[in-house]
Amino acid sequence: MEVKQNQSDKLNTDSYLKAVIDKLKHHKVLYQMFSKERAHQQLVERGEEVLKIMISQDALSSEDMELVWSATKQDETTQLELYKLFNELSSVLKINEINFIIDYLSQVPLAKVLKEQVDLVYEIGKRARSGEQEYGHKAVEYMWRLAIP
């Protein structure tokens, strides 16, 4: 009986989260929070829960990641806040988001690399030690690139 109840609860939760994600996408919430035209520090700070829900349901597309990442092109405060946000999300990020982040950070010229960028890749790389090696190689390559230019 308890197993059936747990399955029912999971289905209800999944249905609820799907409905929430549908509303977020319909109302273009990511655009409202992260687009180059609108992003600022306070919106980015509040974006963690929205992104967490979308990531948990595999609903964050590569276009969504591009949009969110566009906030790094704002002022330095907003950029640093976004790095902090992804650092907080590092334990729930999926392989596509991780590869996206490392690929973008790898494009930053060595002279312009920020401590927060290194911290973010470090947090992502720590996860690789816990058995998810698929992206660990990229994190290590990034760190070696910084250590031996």
# chains A, B, ... in the order shown; residues from 1 in each chain; ligands from 1

$ select_by_dssp --residues "range 54-126 of chain A" --states "alpha helix (DSSP H)" --output "MDAnalysis selection string"
chainID A and resid 54:56 62:69 76:89 95:106 115:126

$ residues_around --residues "Gly47 in chain A" --least-positions-apart "2" --cutoff "9 Å" --atoms "only C-alpha atoms" --output "compact mmCIF listing (two decimals) with C-alpha atoms, in the first residue's frame"
# COMPACT_ATOMS: atom_id res chain seq x y z
CA LEU A 30 13.97 32.90 -18.21
CA MET A 33 15.27 37.13 -15.63
CA PHE A 34 18.37 36.55 -17.72
CA GLN A 42 18.72 40.84 -8.11
CA LEU A 43 16.97 38.83 -10.83
CA VAL A 44 19.95 36.53 -11.24
CA GLU A 45 20.08 35.98 -7.47
CA GLU A 49 14.99 27.95 -7.75
CA VAL A 50 13.66 28.40 -11.29
CA LEU A 51 16.78 26.84 -12.76
CA LYS A 52 16.79 24.06 -10.15
CA LEU A 85 24.43 30.87 -9.01

$ closest_residue --among "A:Arg127, A:Asn99, A:Asp75, A:Leu146" --to "His40 in chain A" --atoms "only C-alpha atoms"
A:Asp75

$ residues_around --residues "Val118 in chain A" --least-positions-apart "4" --cutoff "12 Å" --atoms "only C-alpha atoms" --output "list in words"
Leu80, Tyr83, Lys84, Asn87, Ile101, Ile102, Leu105, Ser106, Val108, Leu110, Lys112, Val113, Leu114, Tyr122, Glu123, Ile124, Gly125, Ala139, Val140, Tyr142, Met143, Trp144, Arg145, Leu146 and Ala147 of chain A

$ residues_around --residues "range 14-26 of chain A" --least-positions-apart "6" --cutoff "8 Å" --atoms "only C-alpha atoms" --output "MDAnalysis selection string"
chainID A and resid 53:54 57 59

$ atom_distance --atom1 "CA of Asp119 in chain A" --atom2 "CA of Glu37 in chain A"
27.0 Å

$ closest_residue --among "A:Asn96, A:Ser61, A:Thr72, A:Ser91" --to "Glu116 in chain A" --atoms "only C-alpha atoms"
A:Thr72
